[in-house]
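Novice: The file below is my_file_24.cif, mmCIF, C-alpha atoms:
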```cif
data_start
#
loop_
_atom_site.label_atom_id
_atom_site.label_comp_id
_atom_site.auth_asym_id
_atom_site.auth_seq_id
_atom_site.Cartn_x
_atom_site.Cartn_y
_atom_site.Cartn_z
CA MET A 7 -8.75 -27.15 11.77
CA PRO A 8 -6.32 -24.49 10.63
CA GLN A 9 -2.98 -25.52 9.21
CA ILE A 10 -0.38 -25.54 12.02
CA SER A 11 2.88 -23.88 10.99
CA ARG A 12 5.67 -25.98 12.47
CA GLY A 13 7.91 -23.97 14.75
CA PHE A 14 5.72 -20.86 14.80
CA HIS A 15 4.95 -19.56 18.25
CA GLY A 16 4.08 -15.94 17.58
CA ARG A 17 5.01 -12.87 19.50
CA ARG A 18 1.42 -12.32 20.69
CA SER A 19 -0.03 -8.92 20.76
CA GLU A 20 0.35 -7.08 24.02
CA GLY A 21 -2.77 -5.05 23.32
CA PRO A 22 -6.35 -5.53 24.52
CA SER A 23 -7.87 -8.19 22.28
CA ASP A 24 -11.31 -6.57 22.28
CA ARG A 25 -9.81 -3.60 20.45
CA ILE A 26 -7.79 -5.48 17.81
CA PRO A 27 -9.88 -6.90 14.95
CA PRO A 28 -9.12 -10.34 13.46
CA GLY A 29 -5.90 -10.53 11.45
CA GLN A 30 -4.61 -7.19 12.76
CA HIS A 31 -1.55 -6.43 14.87
CA LEU A 32 -0.56 -3.34 16.85
CA VAL A 33 1.99 -0.79 15.72
CA ASP A 34 3.39 2.21 17.54
CA ASP A 35 4.43 4.22 14.51
CA PHE A 36 2.14 5.46 11.76
CA PRO A 37 2.77 3.68 8.45
CA VAL A 38 1.84 5.41 5.18
CA LEU A 39 -0.03 3.91 2.27
CA SER A 40 -0.73 5.82 -0.90
CA ALA A 41 -1.14 4.79 -4.50
CA GLY A 42 0.79 7.70 -5.96
CA PRO A 43 2.75 10.86 -5.22
CA THR A 44 1.77 13.00 -2.22
CA PRO A 45 -0.22 16.07 -3.38
CA HIS A 46 0.72 19.44 -1.88
CA THR A 47 -2.25 21.78 -2.18
CA PRO A 48 -1.69 25.33 -0.85
CA LEU A 49 -4.24 26.28 1.79
CA ASP A 50 -5.28 29.40 -0.16
CA GLU A 51 -6.31 27.12 -3.04
CA TRP A 52 -7.99 24.53 -0.84
CA THR A 53 -11.77 24.26 -0.73
CA PHE A 54 -14.15 21.65 0.58
CA THR A 55 -17.23 21.04 -1.54
CA ILE A 56 -20.40 19.02 -1.11
CA GLN A 57 -22.17 18.26 -4.37
CA GLY A 58 -25.48 16.54 -4.94
CA GLY A 59 -27.58 18.46 -2.43
CA ALA A 60 -30.32 20.94 -3.23
CA GLU A 61 -27.58 23.60 -3.43
CA PRO A 62 -23.85 22.98 -3.79
CA ALA A 63 -21.96 23.91 -0.64
CA SER A 64 -18.34 24.99 -0.50
CA TRP A 65 -15.93 26.26 2.15
CA THR A 66 -12.53 27.87 1.90
CA TRP A 67 -9.84 26.75 4.34
CA ASP A 68 -10.58 29.65 6.70
CA GLU A 69 -14.33 29.07 6.50
CA PHE A 70 -13.81 25.40 7.20
CA GLN A 71 -11.64 26.17 10.23
CA ALA A 72 -14.45 28.35 11.56
CA LEU A 73 -16.89 25.42 11.61
CA PRO A 74 -17.45 23.76 15.00
CA SER A 75 -14.74 21.16 15.54
CA GLU A 76 -14.38 18.14 17.79
CA GLU A 77 -11.45 16.26 19.28
CA ILE A 78 -11.60 12.55 18.56
CA THR A 79 -9.60 9.80 20.27
CA THR A 80 -9.99 6.55 18.39
CA ASP A 81 -8.38 3.30 17.27
CA ILE A 82 -7.58 2.91 13.57
CA HIS A 83 -7.21 -0.26 11.50
CA CYS A 84 -5.43 -0.47 8.13
CA VAL A 85 -6.32 -3.24 5.69
CA THR A 86 -2.58 -3.97 5.41
CA LYS A 87 -3.02 -5.41 8.93
CA TRP A 88 -1.70 -2.79 11.32
CA SER A 89 -3.84 -1.24 14.01
CA LYS A 90 -3.00 1.79 16.10
CA LEU A 91 -4.77 2.59 19.35
CA ASP A 92 -5.81 5.91 20.87
CA THR A 93 -4.94 8.18 17.97
CA VAL A 94 -5.99 11.79 18.57
CA TRP A 95 -7.54 13.94 15.87
CA LYS A 96 -9.36 17.23 15.51
CA GLY A 97 -11.85 17.98 12.79
CA VAL A 98 -15.38 18.72 11.72
CA SER A 99 -18.07 16.08 12.14
CA LEU A 100 -19.90 14.98 9.01
CA ASP A 101 -23.07 15.46 11.06
CA THR A 102 -22.21 19.17 11.11
CA LEU A 103 -21.42 19.30 7.39
CA LEU A 104 -24.40 17.27 6.24
CA GLY A 105 -26.65 19.31 8.52
CA LEU A 106 -25.82 22.33 6.39
CA VAL A 107 -26.97 20.64 3.18
CA ASP A 108 -30.50 19.83 2.10
CA HIS A 109 -30.48 16.33 0.62
CA ASP A 110 -32.06 12.87 0.72
CA ALA A 111 -29.08 10.82 -0.47
CA GLY A 112 -28.09 7.40 0.82
CA TYR A 113 -24.42 7.38 -0.14
CA LEU A 114 -21.46 9.62 -0.72
CA LEU A 115 -18.42 9.41 -2.96
CA ALA A 116 -15.51 11.34 -1.47
CA PHE A 117 -13.05 12.91 -3.89
CA CYS A 118 -9.49 13.93 -3.18
CA ASP A 119 -6.42 15.61 -4.59
CA GLY A 120 -4.46 13.02 -6.51
CA GLY A 121 -7.57 11.49 -8.04
CA TYR A 122 -8.41 9.16 -5.17
CA THR A 123 -12.07 8.42 -4.39
CA THR A 124 -13.87 6.30 -1.82
CA ASN A 125 -17.53 5.45 -1.29
CA LEU A 126 -19.48 5.35 1.95
CA PRO A 127 -23.10 4.74 2.92
CA LEU A 128 -24.38 7.77 4.84
CA GLU A 129 -25.48 5.56 7.73
CA HIS A 130 -21.77 4.83 8.24
CA VAL A 131 -20.74 8.48 8.41
CA THR A 132 -23.52 10.02 10.50
CA ASP A 133 -24.31 9.94 14.24
CA GLY A 134 -20.74 10.66 15.33
CA LYS A 135 -18.99 8.15 13.07
CA ALA A 136 -16.99 10.35 10.67
CA TRP A 137 -15.08 13.62 10.49
CA ILE A 138 -13.00 15.74 8.17
CA ALA A 139 -9.83 15.86 10.26
CA TYR A 140 -7.10 18.49 9.94
CA ASP A 141 -5.08 17.99 13.13
CA TYR A 142 -3.32 14.84 14.25
CA ASP A 143 -1.81 14.51 17.71
CA GLY A 144 -2.11 18.23 18.33
CA GLU A 145 -0.35 19.28 15.11
CA ALA A 146 -1.50 20.21 11.64
CA LEU A 147 -1.97 16.98 9.69
CA GLU A 148 1.14 16.28 7.58
CA PRO A 149 0.78 15.81 3.82
CA GLU A 150 2.02 12.20 3.90
CA HIS A 151 -0.80 11.38 6.31
CA GLY A 152 -3.40 13.20 4.25
CA GLY A 153 -2.97 16.84 5.17
CA PRO A 154 -4.24 19.43 4.95
CA ALA A 155 -7.41 17.41 5.62
CA ARG A 156 -8.55 13.82 5.40
CA LEU A 157 -11.67 11.85 6.06
CA LEU A 158 -11.70 10.01 9.37
CA VAL A 159 -14.05 7.02 9.49
CA PRO A 160 -12.32 4.96 12.15
CA HIS A 161 -14.82 2.11 12.43
CA LEU A 162 -13.99 1.05 8.85
CA TYR A 163 -10.61 0.03 7.39
CA PHE A 164 -8.46 3.09 7.09
CA TRP A 165 -8.47 3.36 3.28
CA LYS A 166 -12.01 4.72 3.76
CA SER A 167 -10.45 7.61 5.69
CA ALA A 168 -9.41 9.18 2.40
CA LYS A 169 -6.36 11.42 2.43
CA TRP A 170 -6.29 14.88 0.84
CA VAL A 171 -10.08 14.95 0.74
CA ARG A 172 -11.60 17.93 -1.07
CA GLY A 173 -15.28 17.11 -0.85
CA PHE A 174 -17.91 14.58 -1.64
CA ARG A 175 -20.79 13.97 -3.93
CA LEU A 176 -24.08 12.85 -2.39
CA GLN A 177 -25.65 10.02 -4.36
CA ASP A 178 -28.62 7.69 -4.38
CA GLU A 179 -26.48 4.71 -5.37
CA ASP A 180 -23.33 3.20 -3.88
CA GLU A 181 -20.54 3.65 -6.44
CA PRO A 182 -17.19 1.90 -5.86
CA GLY A 183 -14.27 4.27 -5.31
CA PHE A 184 -10.61 3.76 -6.11
CA TRP A 185 -9.59 0.83 -3.90
CA GLU A 186 -13.11 -0.58 -4.02
CA SER A 187 -12.66 -0.88 -7.81
CA ASN A 188 -9.25 -2.48 -7.32
CA GLY A 189 -10.07 -5.56 -5.31
CA TYR A 190 -10.98 -4.12 -1.92
CA HIS A 191 -14.29 -4.56 -0.15
CA ILE A 192 -17.18 -2.20 -0.86
CA LEU A 193 -17.69 -1.41 2.87
CA GLY A 194 -14.59 -2.58 4.77
CA ASP A 195 -15.69 -3.43 8.33
CA PRO A 196 -12.52 -4.63 10.11
CA TRP A 197 -14.49 -6.60 12.74
CA LEU A 198 -16.01 -8.67 9.92
CA GLU A 199 -12.60 -8.77 8.19
CA GLN A 200 -14.09 -7.31 5.01
CA ARG A 201 -10.75 -6.76 3.30
CA TYR A 202 -11.26 -7.87 -0.28
CA TRP A 203 -13.98 -8.49 -2.84
CA GLY A 204 -16.14 -11.37 -1.68
CA ASP A 205 -15.14 -11.16 2.01
CA MET Z 6 -8.38 -0.34 -14.06
CA ALA Z 7 -10.22 -3.46 -13.07
CA GLY Z 8 -13.36 -1.65 -12.04
CA THR Z 9 -15.73 -3.96 -13.79
CA ALA Z 10 -13.96 -7.21 -13.04
CA VAL Z 11 -15.67 -9.57 -10.67
CA LEU Z 12 -13.59 -11.79 -8.47
CA GLY Z 13 -14.76 -14.56 -6.28
CA ARG Z 14 -13.90 -14.68 -2.61
CA LEU Z 15 -10.21 -15.06 -1.92
CA THR Z 16 -10.01 -18.20 0.16
CA TRP Z 17 -7.15 -19.36 2.34
CA LEU Z 18 -5.10 -22.05 0.65
CA VAL Z 19 -2.50 -24.36 2.14
CA ALA Z 20 0.93 -23.51 0.76
CA GLN Z 21 3.88 -25.85 1.05
CA VAL Z 22 7.45 -24.64 0.96
CA THR Z 23 9.22 -26.39 -1.90
CA GLY Z 24 12.47 -24.45 -1.92
CA ALA Z 25 14.30 -21.49 -0.47
CA VAL Z 26 16.95 -19.10 -1.76
CA ASP Z 27 19.04 -16.96 0.57
CA GLU Z 28 19.17 -13.67 -1.31
CA THR Z 29 21.07 -11.62 1.29
CA PRO Z 30 21.84 -12.14 4.99
CA ARG Z 31 18.41 -10.67 5.82
CA VAL Z 32 16.33 -11.66 2.82
CA ARG Z 33 15.08 -15.01 1.63
CA THR Z 34 12.90 -16.23 -1.20
CA LEU Z 35 10.45 -19.06 -0.54
CA LEU Z 36 9.11 -21.15 -3.38
CA LEU Z 37 5.55 -22.22 -2.66
CA GLU Z 38 3.12 -24.77 -3.98
CA ALA Z 39 -0.50 -23.96 -3.26
CA ASP Z 40 -3.26 -26.13 -4.71
CA GLY Z 41 -5.94 -23.90 -6.15
CA TRP Z 42 -3.75 -20.81 -6.51
CA PRO Z 43 -5.54 -18.79 -9.21
CA GLY Z 44 -2.43 -17.12 -10.65
CA HIS Z 45 -1.39 -13.50 -10.36
CA ARG Z 46 -0.33 -10.41 -12.26
CA ALA Z 47 3.09 -8.84 -11.93
CA GLY Z 48 3.16 -6.45 -8.95
CA GLN Z 49 0.51 -8.12 -6.83
CA HIS Z 50 0.96 -9.46 -3.31
CA LEU Z 51 -0.52 -12.16 -1.13
CA ASP Z 52 -1.45 -12.59 2.50
CA VAL Z 53 0.32 -15.16 4.66
CA ARG Z 54 -1.30 -16.61 7.77
CA LEU Z 55 0.71 -18.56 10.31
CA THR Z 56 -0.96 -20.66 12.99
CA ALA Z 57 0.72 -21.73 16.24
CA GLU Z 58 -0.12 -25.02 17.89
CA ASP Z 59 -2.51 -23.35 20.32
CA GLY Z 60 -4.44 -21.77 17.46
CA TYR Z 61 -2.88 -18.30 17.70
CA GLN Z 62 -2.63 -16.75 14.23
CA ALA Z 63 -0.68 -13.92 12.65
CA GLU Z 64 -1.22 -12.44 9.18
CA ARG Z 65 1.03 -10.31 7.00
CA SER Z 66 1.23 -9.33 3.31
CA TYR Z 67 4.19 -10.07 1.02
CA SER Z 68 4.91 -9.14 -2.56
CA ILE Z 69 5.03 -11.90 -5.13
CA ALA Z 70 8.47 -12.17 -6.72
CA SER Z 71 7.81 -14.70 -9.46
CA ALA Z 72 6.47 -13.93 -12.89
CA PRO Z 73 2.92 -15.00 -13.65
CA GLY Z 74 3.04 -18.60 -14.82
CA GLU Z 75 6.22 -19.43 -12.91
CA PRO Z 76 6.19 -21.37 -9.64
CA LEU Z 77 4.88 -19.05 -6.93
CA ALA Z 78 7.64 -17.29 -4.98
CA ILE Z 79 7.65 -14.62 -2.28
CA THR Z 80 10.72 -12.76 -1.07
CA ILE Z 81 10.78 -11.75 2.59
CA GLU Z 82 13.03 -9.35 4.48
CA ARG Z 83 13.56 -10.16 8.14
CA LEU Z 84 12.39 -7.29 10.33
CA GLU Z 85 14.23 -7.55 13.64
CA ASP Z 86 11.15 -6.83 15.73
CA GLY Z 87 8.86 -8.67 13.34
CA GLU Z 88 6.60 -11.58 14.16
CA VAL Z 89 6.08 -13.32 10.84
CA SER Z 90 9.14 -12.35 8.80
CA PRO Z 91 11.71 -13.93 11.18
CA TYR Z 92 9.79 -17.20 10.92
CA LEU Z 93 9.68 -17.10 7.12
CA VAL Z 94 13.34 -16.07 6.77
CA ASP Z 95 14.95 -18.17 9.51
CA GLU Z 96 12.65 -21.04 10.39
CA ALA Z 97 10.51 -22.20 7.44
CA ARG Z 98 12.01 -25.04 5.45
CA ASP Z 99 11.09 -27.48 2.70
CA GLY Z 100 7.85 -29.29 3.41
CA ASP Z 101 6.58 -26.75 5.94
CA THR Z 102 3.08 -25.45 5.40
CA PHE Z 103 1.21 -22.27 6.13
CA GLU Z 104 -1.77 -20.52 4.57
CA VAL Z 105 -1.85 -17.97 1.77
CA ARG Z 106 -4.60 -16.02 0.10
CA GLY Z 107 -4.51 -13.84 -2.95
CA PRO Z 108 -3.54 -12.46 -5.31
CA ILE Z 109 -4.24 -9.01 -3.87
CA GLY Z 110 -4.01 -5.59 -5.46
CA GLY Z 111 -5.52 -4.27 -8.65
CA TYR Z 112 -3.55 -1.06 -9.02
CA PHE Z 113 0.15 -1.69 -8.47
CA VAL Z 114 0.09 -4.17 -11.35
CA TRP Z 115 1.66 -4.10 -14.75
CA GLU Z 116 0.44 -5.37 -18.08
CA ASP Z 117 3.19 -5.51 -20.69
CA ASP Z 118 2.02 -3.42 -23.65
CA GLY Z 119 5.49 -2.82 -25.05
CA ARG Z 120 5.78 0.71 -23.68
CA PRO Z 121 8.95 1.44 -21.72
CA VAL Z 122 8.87 0.77 -18.01
CA PHE Z 123 10.67 2.72 -15.31
CA LEU Z 124 11.02 0.87 -12.04
CA VAL Z 125 12.34 2.50 -8.87
CA GLY Z 126 12.97 0.25 -5.90
CA GLY Z 127 14.40 0.76 -2.44
CA GLY Z 128 15.58 -2.28 -0.48
CA SER Z 129 13.01 -5.08 -0.53
CA GLY Z 130 10.78 -2.75 -2.55
CA VAL Z 131 12.47 -4.38 -5.53
CA VAL Z 132 10.43 -7.57 -5.05
CA PRO Z 133 7.24 -6.70 -6.99
CA LEU Z 134 9.42 -4.92 -9.57
CA MET Z 135 11.36 -8.15 -10.07
CA SER Z 136 8.12 -9.92 -10.90
CA MET Z 137 7.64 -7.33 -13.65
CA ILE Z 138 11.19 -7.74 -14.99
CA ARG Z 139 10.84 -11.51 -14.97
CA SER Z 140 7.58 -11.39 -16.88
CA SER Z 141 8.56 -8.78 -19.48
CA SER Z 142 8.66 -9.66 -23.15
CA GLU Z 143 11.88 -9.69 -25.14
CA SER Z 144 11.14 -6.31 -26.68
CA THR Z 145 9.93 -4.20 -23.76
CA PRO Z 146 12.52 -1.66 -22.61
CA ILE Z 147 12.96 -1.54 -18.85
CA ARG Z 148 15.04 0.65 -16.60
CA LEU Z 149 15.46 -0.22 -12.94
CA LEU Z 150 16.87 2.26 -10.44
CA TYR Z 151 17.58 0.26 -7.31
CA SER Z 152 18.80 1.60 -3.99
CA SER Z 153 20.47 -0.69 -1.45
CA ARG Z 154 22.54 -0.02 1.63
CA THR Z 155 25.54 -2.14 0.64
CA LEU Z 156 26.42 -4.52 -2.18
CA GLU Z 157 25.70 -7.42 0.16
CA ASP Z 158 22.14 -6.11 0.59
CA VAL Z 159 21.34 -6.16 -3.13
CA ILE Z 160 18.53 -8.65 -3.61
CA TYR Z 161 18.59 -10.73 -6.84
CA ARG Z 162 22.08 -9.38 -7.60
CA GLN Z 163 23.27 -12.20 -9.81
CA GLU Z 164 20.02 -12.42 -11.70
CA LEU Z 165 19.96 -8.66 -12.27
CA ASP Z 166 23.55 -8.78 -13.51
CA ALA Z 167 22.63 -11.59 -15.86
CA ARG Z 168 19.54 -9.84 -17.17
CA ALA Z 169 21.17 -6.42 -17.56
CA GLY Z 170 21.84 -5.39 -21.12
CA ASP Z 171 20.45 -3.18 -23.84
CA ARG Z 172 16.81 -3.95 -23.06
CA VAL Z 173 16.95 -4.20 -19.29
CA GLU Z 174 19.11 -1.44 -17.86
CA VAL Z 175 19.93 -1.67 -14.16
CA PHE Z 176 21.22 1.32 -12.21
CA HIS Z 177 22.35 0.60 -8.66
CA THR Z 178 22.95 3.05 -5.89
CA LEU Z 179 24.62 1.95 -2.65
CA THR Z 180 23.81 4.38 0.12
CA ARG Z 181 25.91 3.19 3.04
CA GLU Z 182 29.02 1.46 1.81
CA GLN Z 183 30.51 0.86 -1.60
CA PRO Z 184 33.10 -1.74 -2.62
CA PRO Z 185 36.45 -0.55 -4.06
CA GLY Z 186 36.10 0.56 -7.64
CA TRP Z 187 32.29 0.89 -7.42
CA ALA Z 188 31.02 2.48 -10.63
CA GLY Z 189 27.39 2.96 -9.65
CA TYR Z 190 25.74 5.70 -7.63
CA ALA Z 191 26.79 6.10 -4.02
CA ARG Z 192 24.11 8.21 -2.38
CA ARG Z 193 20.45 8.26 -1.52
CA ILE Z 194 18.12 8.64 -4.45
CA ASP Z 195 17.58 12.28 -5.45
CA ALA Z 196 16.17 14.44 -8.23
CA GLU Z 197 19.48 14.56 -10.09
CA MET Z 198 19.74 10.77 -10.17
CA LEU Z 199 16.17 10.46 -11.43
CA ARG Z 200 16.85 12.96 -14.19
CA GLU Z 201 19.86 10.97 -15.33
CA VAL Z 202 18.13 7.61 -15.30
CA ALA Z 203 14.43 8.15 -16.06
CA TRP Z 204 12.98 8.00 -19.55
CA PRO Z 205 11.84 11.40 -20.79
CA SER Z 206 8.23 11.82 -19.65
CA ALA Z 207 7.25 12.35 -23.30
CA GLU Z 208 7.87 8.63 -23.89
CA GLN Z 209 5.03 7.94 -21.45
CA PRO Z 210 6.66 5.08 -19.62
CA HIS Z 211 4.86 3.03 -17.05
CA VAL Z 212 6.27 3.99 -13.66
CA PHE Z 213 6.30 1.85 -10.54
CA VAL Z 214 7.96 2.97 -7.31
CA CYS Z 215 8.23 0.72 -4.27
CA GLY Z 216 10.11 1.19 -1.02
CA SER Z 217 9.92 2.93 2.32
CA THR Z 218 7.68 5.94 2.71
CA ARG Z 219 10.55 8.42 2.54
CA PHE Z 220 12.10 6.68 -0.46
CA VAL Z 221 8.83 6.65 -2.37
CA ASP Z 222 8.12 10.29 -1.57
CA VAL Z 223 11.51 11.41 -2.85
CA ALA Z 224 11.18 9.34 -6.00
CA ALA Z 225 7.58 10.31 -6.74
CA ASP Z 226 8.13 14.02 -6.02
CA GLY Z 227 11.24 13.96 -8.20
CA LEU Z 228 9.38 12.39 -11.09
CA VAL Z 229 6.55 14.91 -10.80
CA ALA Z 230 9.19 17.67 -10.95
CA LEU Z 231 10.55 16.05 -14.14
CA GLY Z 232 7.15 16.44 -15.76
CA TYR Z 233 5.62 13.06 -15.08
CA GLU Z 234 1.84 13.12 -14.70
CA PRO Z 235 1.17 12.29 -11.00
CA LEU Z 236 -1.51 9.77 -11.93
CA SER Z 237 1.01 7.87 -14.09
CA ILE Z 238 3.22 7.14 -11.07
CA ARG Z 239 2.12 4.04 -9.22
CA THR Z 240 3.56 3.66 -5.76
CA GLU Z 241 3.66 1.11 -3.01
CA ARG Z 242 5.08 2.02 0.39
CA PHE Z 243 5.95 0.01 3.41
CA GLY Z 244 6.55 1.41 6.86
CA ALA Z 245 9.28 0.50 9.29
CA THR Z 246 7.09 -2.04 11.00
CA GLY Z 247 4.66 -4.63 9.86
CA GLY Z 248 6.50 -7.90 9.32
#
```
As structure tokens - that is how I would like this structure written.

Specialist:
Amino acid sequence: MPQISRGFHGRRSEGPSDRIPPGQHLVDDFPVLSAGPTPHTPLDEWTFTIQGGAEPASWTWDEFQALPSEEITTDIHCVTKWSKLDTVWKGVSLDTLLGLVDHDAGYLLAFCDGGYTTNLPLEHVTDGKAWIAYDYDGEALEPEHGGPARLLVPHLYFWKSAKWVRGFRLQDEDEPGFWESNGYHILGDPWLEQRYWGD
Amino acid sequence: MAGTAVLGRLTWLVAQVTGAVDETPRVRTLLLEADGWPGHRAGQHLDVRLTAEDGYQAERSYSIASAPGEPLAITIERLEDGEVSPYLVDEARDGDTFEVRGPIGGYFVWEDDGRPVFLVGGGSGVVPLMSMIRSSSESTPIRLLYSSRTLEDVIYRQELDARAGDRVEVFHTLTREQPPGWAGYARRIDAEMLREVAWPSAEQPHVFVCGSTRFVDVAADGLVALGYEPLSIRTERFGATGG
């Protein structure tokens, strides 16, 4: 029996409960979480690189924009307990990107401006589950939200959707990234409430 | 970094309120006793879970204000449209219980190695920084730049006044209203203020910045412009909602 908190009634979430994972609550705004300063990389210096395949692959900003893109409408869930419904993004599917690389890896480690990294099993980023997003809500993605481009892996806690992403390394082994080395769960499924080590 | 450390599962513990301190009209500190609490490091936070009589639950995170080794304390700002913070600030009283789990966070943490420390806090962003000040050794130089709206909104004001001296230097800025004769800063934090207060980057201070997104961006960008290595600036941001 959970501990009853005397005098607590709660405001109750007005949202659909089948879209709000345990321990989360809805927000209307878009909070920001970052471990350090916001990087500002000029687009003419920006590249996206995939390492660890048979051949390294790299795109400039213009080349990346020329790749087939998709519009994604999805709910997002931050480990700090806010969820936001029906966010609208545009970006390139990882199915598209990985289809251009010859590899047999099982995992990736995404790397970003600012030194941030995050790890993902490929089965969690393929078959329409992940994108490199560069538009949010019809506008170019702002730096504080990860622009010019961020990972979007909406079925996992949002720290996996790494801001300022510049590429990833394909690997045979799962290697903890930044938050995963600092107390957060190796996978981060919000429906299983995998917030922290041991969850 | 704690990359190789192994922690067990963080389990929910029953915490009992053993005391409360009204810090400002909107901010209160709760002293907690939680059997099994594993201890924390300065800068970490914990999760609070409240349960209503019908089983409905709400979770939020709060920074730990106490130094490691002291009785556990969290400081909470009441968010007017919040769900958990109004309960913790206005309703909870001695003997009440709720659940906590933690400590959480392996990055926005400070280990006192004697190097100077520059702390930049906006509003209730001062809470994890206070844990650092409270746990610092008698020889570690600390500078705190702390932005509040009015003097009445300054959290831990008396304690900061009492601690301020040669080793712990406290620089206030009041952005909305200043009392007569106010000698501190009287504007939002900016690059000029950071240049006047921050240690030279060559002294390689530890840097911790905590506050709203806009506050943290101004402070972090300003410090980068002063020559601080971006990776040396540890930030924690909170949005307008959440509590």

Novice: Using the chain letters and numbering of this document, enumerate as number ranges by chain the residues selected by the PyMOL selection byres ((chain Z) within 8 of (chain A)).

Specialist: Z: 6-9, 12-15, 19, 55-58, 60-66, 88-89, 92, 96-97, 101-104, 109-113, 218, 221-222, 225-226, 229, 235-236, 238-247

Novice: Excluding same-chain residues fewer than 3 positions from Pro62 (chain A), what lies within 10 Å of it counting only C-alpha atoms, as number ranges by chain?

Specialist: A: 55-59, 107-108, 175

Novice: Name the residues captured by the PyMOL selection byres ((chain A and resi 152) around 9) when it is applied to the shown file; answer as a JSON list (two decimals) with C-alpha atoms, in the coordinates of the input.

Specialist:
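Dumped everything to part.json:
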```
[["chain", "number", "residue", "atom", "x", "y", "z"],
["A", 44, "THR", "CA", 1.77, 13.00, -2.22],
["A", 45, "PRO", "CA", -0.22, 16.07, -3.38],
["A", 140, "TYR", "CA", -7.10, 18.49, 9.94],
["A", 147, "LEU", "CA", -1.97, 16.98, 9.69],
["A", 148, "GLU", "CA", 1.14, 16.28, 7.58],
["A", 149, "PRO", "CA", 0.78, 15.81, 3.82],
["A", 150, "GLU", "CA", 2.02, 12.20, 3.90],
["A", 151, "HIS", "CA", -0.80, 11.38, 6.31],
["A", 153, "GLY", "CA", -2.97, 16.84, 5.17],
["A", 154, "PRO", "CA", -4.24, 19.43, 4.95],
["A", 155, "ALA", "CA", -7.41, 17.41, 5.62],
["A", 156, "ARG", "CA", -8.55, 13.82, 5.40],
["A", 157, "LEU", "CA", -11.67, 11.85, 6.06],
["A", 168, "ALA", "CA", -9.41, 9.18, 2.40],
["A", 169, "LYS", "CA", -6.36, 11.42, 2.43],
["A", 170, "TRP", "CA", -6.29, 14.88, 0.84],
["A", 171, "VAL", "CA", -10.08, 14.95, 0.74]]
```

Novice: Name the residues that the PyMOL selection byres ((chain Z and resi 160-163) around 10) pulls out of this structure, and write them as a PyMOL selection string.

Specialist: chain Z and resi 26-34+80+82+128-132+135+151+153+156-159+164-169

Novice: So that I can see what lies close to His130 (chain A), please list as a list in words the residues with an atom at most 9 Å from it, counting only C-alpha atoms and leaving out residues fewer than 4 positions away in the same chain.

Specialist: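 Residues near the query, excluding close chain neighbours: Leu126, Lys135, Ala136, Val159, His161 and Leu162 of chain A.
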
Novice: Looking at all atoms listed in the file, which of A:Trp165, A:Trp137, A:Phe174, A:Trp65 is the one that sits closest to Thr80 (chain A)?

Specialist: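 Residue with the minimum atom-to-atom distance to Thr80 (chain A): A:Trp137.
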
Novice: For region 42-45 of chain Z, list every protein, DNA or RNA residue within 8 Å, evaluated using only C-alpha atoms, and leave out those in the same chain fewer than 4 positions away; present the list as a PDB file with C-alpha atoms, in the frame of the given file.

Specialist:
```
ATOM      1  CA  LEU Z  18      -5.100 -22.050   0.650  1.00  0.00           C
ATOM      2  CA  GLN Z  49       0.510  -8.120  -6.830  1.00  0.00           C
ATOM      3  CA  PRO Z  73       2.920 -15.000 -13.650  1.00  0.00           C
ATOM      4  CA  GLY Z  74       3.040 -18.600 -14.820  1.00  0.00           C
ATOM      5  CA  GLY Z 107      -4.510 -13.840  -2.950  1.00  0.00           C
ATOM      6  CA  PRO Z 108      -3.540 -12.460  -5.310  1.00  0.00           C
TER       7      PRO Z 108
END
```

Novice: State, in Å with one decimal place, the distance from CA of Ala139 (chain A) to CA of Leu115 (chain A).

Specialist: 17.0 Å

Novice: Check the smallest atom-to-atom distance from each of A:Gly105, A:Asp141, A:His83, A:Ala111 to Tyr163 (chain A) using only C-alpha atoms, then report the winner.

Specialist: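 Between A:Gly105, A:Asp141, A:His83, A:Ala111, the residue approaching Tyr163 (chain A) most closely is A:His83.
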
Novice: Tell me, in Å to one decimal, how far CA of Lys166 (chain A) is from CA of Ser75 (chain A).

Specialist: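 Rounded to one decimal, the two atoms are 20.4 Å apart.
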
Novice: I want to know what sits within 9 Å of region 120-122 of chain Z, based on all atoms listed in the file, with residues of the same chain fewer than 4 positions away left out; could you give that as an MDAnalysis selection string?

Specialist: chainID Z and resid 145:149 204 208:213

Novice: Between CA of Ala116 (chain A) and CA of Asp92 (chain A), what is the distance, to one decimal in Å?

Specialist: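 CA of Asp92 (chain A) lies at a distance of 25.0 Å from CA of Ala116 (chain A).
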
Novice: For Phe54 (chain A), please output as an MDAnalysis selection string all residues within 6 Å (counting all atoms listed in the file; exclusion window: fewer than 4 positions along the same chain).

Specialist: chainID A and resid 64:65 172:173

Novice: Between A:Glu69, A:Glu76, A:Glu199, A:Glu129, which residue has the minimum interatomic distance to Val98 (chain A), considering only C-alpha atoms?

Specialist: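 Using only C-alpha atoms, Val98 (chain A) sits closest to A:Glu76.
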